[in-house]
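Source file: start.cif; contents: mmCIF, C-alpha atoms.
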```cif
data_query
loop_
_atom_site.group_PDB
_atom_site.id
_atom_site.type_symbol
_atom_site.label_atom_id
_atom_site.label_comp_id
_atom_site.auth_asym_id
_atom_site.auth_seq_id
_atom_site.Cartn_x
_atom_site.Cartn_y
_atom_site.Cartn_z
ATOM 1 C CA ASN M 25 -13.315 65.981 17.987
ATOM 2 C CA ALA M 26 -13.386 63.438 20.812
ATOM 3 C CA GLY M 27 -11.518 60.889 18.661
ATOM 4 C CA VAL M 28 -12.061 57.299 19.842
ATOM 5 C CA THR M 29 -14.071 56.853 23.032
ATOM 6 C CA GLN M 30 -14.603 53.670 25.024
ATOM 7 C CA THR M 31 -16.974 52.760 27.831
ATOM 8 C CA PRO M 32 -16.665 51.643 30.540
ATOM 9 C CA LYS M 33 -13.126 52.480 31.702
ATOM 10 C CA PHE M 34 -13.111 49.731 34.308
ATOM 11 C CA GLN M 35 -15.221 46.623 34.842
ATOM 12 C CA VAL M 36 -15.168 43.660 37.180
ATOM 13 C CA LEU M 37 -17.133 40.550 36.217
ATOM 14 C CA LYS M 38 -17.698 37.156 37.718
ATOM 15 C CA THR M 39 -16.980 34.079 35.648
ATOM 16 C CA GLY M 40 -19.920 33.364 33.365
ATOM 17 C CA GLN M 41 -21.311 36.884 33.307
ATOM 18 C CA SER M 42 -21.750 38.728 30.041
ATOM 19 C CA MET M 43 -21.008 42.290 29.050
ATOM 20 C CA THR M 44 -20.544 44.565 26.063
ATOM 21 C CA LEU M 45 -17.678 46.996 25.617
ATOM 22 C CA GLN M 46 -18.653 50.048 23.655
ATOM 23 C CA CYS M 47 -16.510 52.004 21.215
ATOM 24 C CA ALA M 48 -17.299 55.041 19.105
ATOM 25 C CA GLN M 49 -15.283 57.305 16.819
ATOM 26 C CA ASP M 50 -16.168 60.679 15.369
ATOM 27 C CA MET M 51 -13.488 60.853 12.663
ATOM 28 C CA ASN M 52 -15.597 59.274 9.894
ATOM 29 C CA HIS M 53 -13.219 56.316 9.650
ATOM 30 C CA ASN M 54 -14.335 53.200 7.803
ATOM 31 C CA SER M 55 -12.183 50.628 9.601
ATOM 32 C CA MET M 56 -12.371 49.837 13.303
ATOM 33 C CA TYR M 57 -10.519 47.336 15.486
ATOM 34 C CA TRP M 58 -10.585 45.638 18.878
ATOM 35 C CA TYR M 59 -7.325 44.628 20.589
ATOM 36 C CA ARG M 60 -6.452 43.119 23.904
ATOM 37 C CA GLN M 61 -3.261 43.954 25.766
ATOM 38 C CA ASP M 62 -1.665 41.462 28.119
ATOM 39 C CA PRO M 63 1.718 41.603 29.882
ATOM 40 C CA GLY M 64 4.440 40.272 27.612
ATOM 41 C CA MET M 65 2.005 39.744 24.745
ATOM 42 C CA GLY M 66 1.647 43.223 23.316
ATOM 43 C CA LEU M 67 -1.455 44.240 21.393
ATOM 44 C CA ARG M 68 -3.313 41.343 19.821
ATOM 45 C CA LEU M 69 -6.146 41.817 17.355
ATOM 46 C CA ILE M 70 -9.462 40.276 18.377
ATOM 47 C CA TYR M 71 -11.794 41.411 15.586
ATOM 48 C CA TYR M 72 -11.895 44.148 13.038
ATOM 49 C CA SER M 73 -14.400 45.760 10.711
ATOM 50 C CA ALA M 74 -13.325 47.178 7.376
ATOM 51 C CA SER M 75 -16.638 48.917 6.824
ATOM 52 C CA GLU M 76 -20.135 49.226 8.206
ATOM 53 C CA GLY M 77 -21.829 45.834 8.124
ATOM 54 C CA THR M 78 -18.655 43.748 7.830
ATOM 55 C CA THR M 79 -16.566 42.077 10.517
ATOM 56 C CA ASP M 80 -13.592 39.694 10.427
ATOM 57 C CA LYS M 81 -11.697 37.637 12.953
ATOM 58 C CA GLY M 82 -8.282 38.647 14.107
ATOM 59 C CA GLU M 83 -5.620 36.668 15.958
ATOM 60 C CA VAL M 84 -7.569 35.857 19.157
ATOM 61 C CA PRO M 85 -11.340 35.877 18.436
ATOM 62 C CA ASN M 86 -12.456 32.949 20.592
ATOM 63 C CA GLY M 87 -14.896 33.917 23.338
ATOM 64 C CA TYR M 88 -15.833 37.224 21.726
ATOM 65 C CA ASN M 89 -18.446 38.609 19.358
ATOM 66 C CA VAL M 90 -18.610 41.999 17.694
ATOM 67 C CA SER M 91 -21.209 44.251 16.135
ATOM 68 C CA ARG M 92 -20.569 47.117 13.761
ATOM 69 C CA LEU M 93 -23.746 48.999 14.614
ATOM 70 C CA ASN M 94 -23.096 51.871 12.221
ATOM 71 C CA LYS M 95 -20.086 53.710 10.875
ATOM 72 C CA ARG M 96 -19.331 55.299 14.270
ATOM 73 C CA GLU M 97 -19.800 52.392 16.650
ATOM 74 C CA PHE M 98 -18.113 49.007 17.064
ATOM 75 C CA SER M 99 -18.973 46.939 20.126
ATOM 76 C CA LEU M 100 -17.263 43.896 21.633
ATOM 77 C CA ARG M 101 -19.309 41.341 23.550
ATOM 78 C CA LEU M 102 -18.241 38.693 26.019
ATOM 79 C CA GLU M 103 -21.107 36.200 26.283
ATOM 80 C CA SER M 104 -19.675 34.152 29.154
ATOM 81 C CA ALA M 105 -16.640 35.797 30.692
ATOM 82 C CA ALA M 106 -13.657 33.695 31.784
ATOM 83 C CA PRO M 107 -10.644 34.638 33.944
ATOM 84 C CA SER M 108 -8.457 34.289 30.813
ATOM 85 C CA GLN M 109 -10.280 37.312 29.418
ATOM 86 C CA THR M 110 -8.907 39.562 32.149
ATOM 87 C CA SER M 111 -7.078 42.170 30.113
ATOM 88 C CA VAL M 112 -7.018 45.745 28.907
ATOM 89 C CA TYR M 113 -9.124 46.188 25.773
ATOM 90 C CA PHE M 114 -8.404 48.867 23.205
ATOM 91 C CA CYS M 115 -10.544 50.018 20.340
ATOM 92 C CA ALA M 116 -8.987 51.740 17.334
ATOM 93 C CA SER M 117 -10.042 53.248 14.031
ATOM 94 C CA LYS M 118 -8.039 53.790 10.872
ATOM 95 C CA GLU M 119 -7.187 56.986 9.070
ATOM 96 C CA GLU M 120 -7.949 56.512 5.379
ATOM 97 C CA THR M 121 -6.771 59.620 3.604
ATOM 98 C CA SER M 122 -3.045 59.509 4.332
ATOM 99 C CA GLY M 123 -2.512 56.229 2.492
ATOM 100 C CA TYR M 124 -1.082 54.651 5.628
ATOM 101 C CA ASN M 125 -2.718 52.224 8.011
ATOM 102 C CA GLU M 126 -2.533 54.819 10.794
ATOM 103 C CA GLN M 127 -4.700 53.682 13.661
ATOM 104 C CA PHE M 128 -6.049 55.929 16.392
ATOM 105 C CA PHE M 129 -6.685 54.335 19.749
ATOM 106 C CA GLY M 130 -9.158 54.840 22.554
ATOM 107 C CA PRO M 131 -8.050 55.016 26.210
ATOM 108 C CA GLY M 132 -8.903 51.387 26.918
ATOM 109 C CA THR M 133 -11.180 49.360 29.176
ATOM 110 C CA ARG M 134 -9.584 47.459 32.030
ATOM 111 C CA LEU M 135 -11.568 44.257 32.573
ATOM 112 C CA THR M 136 -11.106 41.863 35.469
ATOM 113 C CA VAL M 137 -12.894 38.516 35.499
ATOM 114 C CA LEU M 138 -12.990 36.798 38.890
ATOM 115 C CA LYS D 10 3.616 33.137 11.059
ATOM 116 C CA ASP D 11 3.660 36.926 10.718
ATOM 117 C CA GLN D 12 5.452 38.317 13.756
ATOM 118 C CA VAL D 13 7.145 41.491 14.945
ATOM 119 C CA PHE D 14 10.045 41.248 17.363
ATOM 120 C CA GLN D 15 11.375 43.841 19.791
ATOM 121 C CA PRO D 16 13.277 43.729 23.097
ATOM 122 C CA SER D 17 11.203 43.589 26.259
ATOM 123 C CA THR D 18 13.222 46.258 28.072
ATOM 124 C CA VAL D 19 15.695 49.000 27.197
ATOM 125 C CA ALA D 20 17.436 51.158 29.810
ATOM 126 C CA SER D 21 19.100 54.509 29.334
ATOM 127 C CA SER D 22 20.531 57.450 31.191
ATOM 128 C CA GLU D 23 18.778 60.776 30.984
ATOM 129 C CA GLY D 24 20.067 62.968 28.156
ATOM 130 C CA ALA D 25 21.346 60.091 26.038
ATOM 131 C CA VAL D 26 20.125 58.849 22.662
ATOM 132 C CA VAL D 27 18.251 55.608 23.125
ATOM 133 C CA GLU D 28 17.617 53.095 20.370
ATOM 134 C CA ILE D 29 14.790 50.564 20.324
ATOM 135 C CA PHE D 30 15.182 47.926 17.628
ATOM 136 C CA CYS D 31 12.438 46.037 15.828
ATOM 137 C CA ASN D 32 12.444 43.365 13.138
ATOM 138 C CA HIS D 33 9.720 41.300 11.530
ATOM 139 C CA SER D 34 8.703 38.244 9.596
ATOM 140 C CA VAL D 35 5.527 39.782 8.158
ATOM 141 C CA SER D 36 4.826 38.761 4.577
ATOM 142 C CA ASN D 37 5.097 41.690 2.181
ATOM 143 C CA ALA D 38 5.511 44.173 5.027
ATOM 144 C CA TYR D 39 5.844 47.686 3.727
ATOM 145 C CA ASN D 40 5.424 50.283 6.481
ATOM 146 C CA PHE D 41 6.614 50.498 10.063
ATOM 147 C CA PHE D 42 4.729 52.279 12.832
ATOM 148 C CA TRP D 43 6.053 53.262 16.235
ATOM 149 C CA TYR D 44 3.559 53.884 19.038
ATOM 150 C CA LEU D 45 4.064 55.285 22.534
ATOM 151 C CA HIS D 46 1.930 53.962 25.379
ATOM 152 C CA PHE D 47 1.622 55.315 28.890
ATOM 153 C CA PRO D 48 -0.429 53.034 31.193
ATOM 154 C CA GLY D 49 -4.026 54.188 31.457
ATOM 155 C CA CYS D 50 -3.812 56.220 28.242
ATOM 156 C CA ALA D 51 -4.427 55.596 24.568
ATOM 157 C CA PRO D 52 -1.412 54.411 22.549
ATOM 158 C CA ARG D 53 -0.214 57.298 20.409
ATOM 159 C CA LEU D 54 1.534 57.167 17.025
ATOM 160 C CA LEU D 55 5.013 58.717 17.079
ATOM 161 C CA VAL D 56 6.390 58.091 13.611
ATOM 162 C CA LYS D 57 5.586 55.928 10.604
ATOM 163 C CA GLY D 58 6.629 55.093 7.097
ATOM 164 C CA SER D 59 8.651 53.121 4.595
ATOM 165 C CA LYS D 60 11.717 55.336 4.747
ATOM 166 C CA PRO D 61 13.766 57.026 7.471
ATOM 167 C CA SER D 62 11.810 59.846 9.086
ATOM 168 C CA GLN D 63 11.845 62.231 12.026
ATOM 169 C CA GLN D 64 9.185 63.797 14.210
ATOM 170 C CA GLY D 65 10.667 66.102 16.838
ATOM 171 C CA ARG D 66 12.923 64.037 19.119
ATOM 172 C CA TYR D 67 11.849 60.774 17.475
ATOM 173 C CA ASN D 68 13.789 59.322 14.542
ATOM 174 C CA MET D 69 12.853 56.190 12.674
ATOM 175 C CA THR D 70 15.338 54.159 10.666
ATOM 176 C CA TYR D 71 14.139 51.841 7.943
ATOM 177 C CA GLU D 72 15.393 48.662 6.367
ATOM 178 C CA ARG D 73 13.366 46.071 4.494
ATOM 179 C CA PHE D 74 12.984 43.800 7.558
ATOM 180 C CA SER D 75 13.869 46.069 10.466
ATOM 181 C CA SER D 76 13.471 49.502 11.955
ATOM 182 C CA SER D 77 14.819 51.355 14.963
ATOM 183 C CA LEU D 78 13.239 54.130 16.960
ATOM 184 C CA LEU D 79 15.789 56.618 18.245
ATOM 185 C CA ILE D 80 14.769 59.010 20.985
ATOM 186 C CA LEU D 81 17.044 62.006 21.285
ATOM 187 C CA GLN D 82 17.866 63.591 24.638
ATOM 188 C CA VAL D 83 15.791 61.052 26.504
ATOM 189 C CA ARG D 84 14.027 62.236 29.656
ATOM 190 C CA GLU D 85 12.592 60.453 32.677
ATOM 191 C CA ALA D 86 9.152 61.408 31.355
ATOM 192 C CA ASP D 87 9.833 59.235 28.283
ATOM 193 C CA ALA D 88 9.655 56.100 30.437
ATOM 194 C CA ALA D 89 6.797 54.145 28.873
ATOM 195 C CA VAL D 90 6.105 51.203 26.572
ATOM 196 C CA TYR D 91 6.979 51.590 22.890
ATOM 197 C CA TYR D 92 5.288 49.403 20.302
ATOM 198 C CA CYS D 93 6.585 48.612 16.855
ATOM 199 C CA ALA D 94 4.048 47.517 14.238
ATOM 200 C CA CYS D 95 4.106 46.483 10.592
ATOM 201 C CA GLU D 96 1.508 46.278 7.929
ATOM 202 C CA GLY D 97 1.611 44.215 4.799
ATOM 203 C CA ARG D 98 0.625 45.489 1.396
ATOM 204 C CA ASN D 99 -3.109 45.522 0.695
ATOM 205 C CA THR D 100 -4.139 44.674 4.228
ATOM 206 C CA ASP D 101 -6.276 46.439 6.819
ATOM 207 C CA LYS D 102 -4.342 45.037 9.744
ATOM 208 C CA LEU D 103 -1.296 45.991 11.774
ATOM 209 C CA ILE D 104 0.897 43.362 13.404
ATOM 210 C CA PHE D 105 2.230 44.630 16.720
ATOM 211 C CA GLY D 106 5.327 43.603 18.589
ATOM 212 C CA THR D 107 5.138 42.739 22.275
ATOM 213 C CA GLY D 108 6.298 46.195 23.315
ATOM 214 C CA THR D 109 9.548 47.562 24.773
ATOM 215 C CA ARG D 110 9.530 49.087 28.231
ATOM 216 C CA LEU D 111 11.923 52.039 28.344
ATOM 217 C CA GLN D 112 13.576 52.737 31.666
ATOM 218 C CA VAL D 113 15.309 56.088 32.105
ATOM 219 C CA PHE D 114 17.727 56.692 34.939
ATOM 220 C CA PRO D 115 18.793 60.128 36.161
#
```
Please go through the file and, once you have read it, give me the structure as structure tokens.
Amino acid sequence: NAGVTQTPKFQVLKTGQSMTLQCAQDMNHNSMYWYRQDPGMGLRLIYYSASEGTTDKGEVPNGYNVSRLNKREFSLRLESAAPSQTSVYFCASKEETSGYNEQFFGPGTRLTVL
Amino acid sequence: KDQVFQPSTVASSEGAVVEIFCNHSVSNAYNFFWYLHFPGCAPRLLVKGSKPSQQGRYNMTYERFSSSLLILQVREADAAVYYCACEGRNTDKLIFGTGTRLQVFP
């Protein structure tokens, strides 16, 4: 299994440009998550999806949209990028069978907005 | 507000036991999770639960509002960021701390 994969690994945007970060998991997990990681701020939840067809806001949703395309894929879209969105973005999915909220992470996308 | 607190930096000598402390104000928090993160890689779960537990060189202590991660025989290769996280009962979300950067000196 590949686990959680993210594309692209790196991206540079100009202010106002749009882009979509892609995430896919092959572990048949129902729940998927998008986080951003900033120095001194840790991992902050942007959006999550508890199941196919549902999405909910996390702690820092402003400036982002998400799509749960199917059970495998959960994309994050920046419609008009701003320098404040420069960050490392992580996607995660949740293991269901253990009874714990054990999340598995992708390797991240490093985004720079100029 | 639901928050998880941990020190920003911990330093240790190689071969020692290092402790990283975490406490929280998360409503109805039940489980703790400790993740290891090397820059450029995916964060990886080390240990989890609602009771003291051990996975290899990693021990987790547990109290109702706090947990510590103990790393035995710490090595320079253990230098990374360690995240503590909590989940509340009946929730799909984890609340992460801001991360602790472990420095290991020879």
The PyMOL selection byres ((chain M and resi 49-56) around 10) resolved against shown file, as a PyMOL selection string: (chain M and resi 25-30+47-48+57-58+71-76+78-79+92+94-99+115-121+125+127-130) or (chain D and resi 101-102)
Selection from above, C-alpha atoms, as a compact mmCIF listing (two decimals), in the coordinates of the input, can you write it?
```txt
# COMPACT_ATOMS: atom_id res chain seq x y z
CA ASN M 25 -13.32 65.98 17.99
CA ALA M 26 -13.39 63.44 20.81
CA GLY M 27 -11.52 60.89 18.66
CA VAL M 28 -12.06 57.30 19.84
CA THR M 29 -14.07 56.85 23.03
CA GLN M 30 -14.60 53.67 25.02
CA CYS M 47 -16.51 52.00 21.22
CA ALA M 48 -17.30 55.04 19.10
CA TYR M 57 -10.52 47.34 15.49
CA TRP M 58 -10.58 45.64 18.88
CA TYR M 71 -11.79 41.41 15.59
CA TYR M 72 -11.90 44.15 13.04
CA SER M 73 -14.40 45.76 10.71
CA ALA M 74 -13.32 47.18 7.38
CA SER M 75 -16.64 48.92 6.82
CA GLU M 76 -20.14 49.23 8.21
CA THR M 78 -18.66 43.75 7.83
CA THR M 79 -16.57 42.08 10.52
CA ARG M 92 -20.57 47.12 13.76
CA ASN M 94 -23.10 51.87 12.22
CA LYS M 95 -20.09 53.71 10.88
CA ARG M 96 -19.33 55.30 14.27
CA GLU M 97 -19.80 52.39 16.65
CA PHE M 98 -18.11 49.01 17.06
CA SER M 99 -18.97 46.94 20.13
CA CYS M 115 -10.54 50.02 20.34
CA ALA M 116 -8.99 51.74 17.33
CA SER M 117 -10.04 53.25 14.03
CA LYS M 118 -8.04 53.79 10.87
CA GLU M 119 -7.19 56.99 9.07
CA GLU M 120 -7.95 56.51 5.38
CA THR M 121 -6.77 59.62 3.60
CA ASN M 125 -2.72 52.22 8.01
CA GLN M 127 -4.70 53.68 13.66
CA PHE M 128 -6.05 55.93 16.39
CA PHE M 129 -6.68 54.34 19.75
CA GLY M 130 -9.16 54.84 22.55
CA ASP D 101 -6.28 46.44 6.82
CA LYS D 102 -4.34 45.04 9.74
```
Residues matched by the PyMOL selection byres ((chain D) within 12 of (chain M)), written as a PyMOL selection string: chain D and resi 10-18+38-59+90-110
Draw an axis-aligned box over all listed atoms of range 14-20 of chain D, pad each side with 5 Å, and write its centre and edge lengths in Å, one decimal, as AutoDock Vina command-line options.
```
--center_x 13.7 --center_y 46.2 --center_z 23.6 --size_x 17.4 --size_y 19.9 --size_z 22.4
```
Interatomic distance, CA of Arg66 in chain D to CA of Tyr113 in chain M (Å, one decimal):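 Spanning CA of Arg66 in chain D to CA of Tyr113 in chain M is a straight-line distance of 29.1 Å.
The space between CA of Gln82 in chain D and CA of Ala25 in chain D spans 5.1 Å.
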Interatomic distance (Å, one decimal) between CA of Met43 in chain M and CA of Tyr88 in chain M: 10.3 Å
Hits of the PyMOL selection byres ((chain D and resi 115) around 6) in this structure, as an MDAnalysis selection string: chainID D and resid 22:23 114
Selection: 7 Å around Ile29 in chain D, only C-alpha atoms, excl. self and same-chain fewer than 3 positions, as a list in words: Ser77, Leu78 and Leu79 of chain D
Spatial neighbours of Val36 in chain M, max dist 7 Å, only C-alpha atoms, sep filter under 3 positions, as a list in words: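 Contacts, with the query itself left out: Leu135, Thr136 and Val137 of chain M.
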Counting all atoms listed in the file, the residue of D:Val19, D:Gly24, D:Gln63, D:Val113 that sits nearest Leu81 in chain D: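 The answer is D:Gly24, which sits nearest to Leu81 in chain D.
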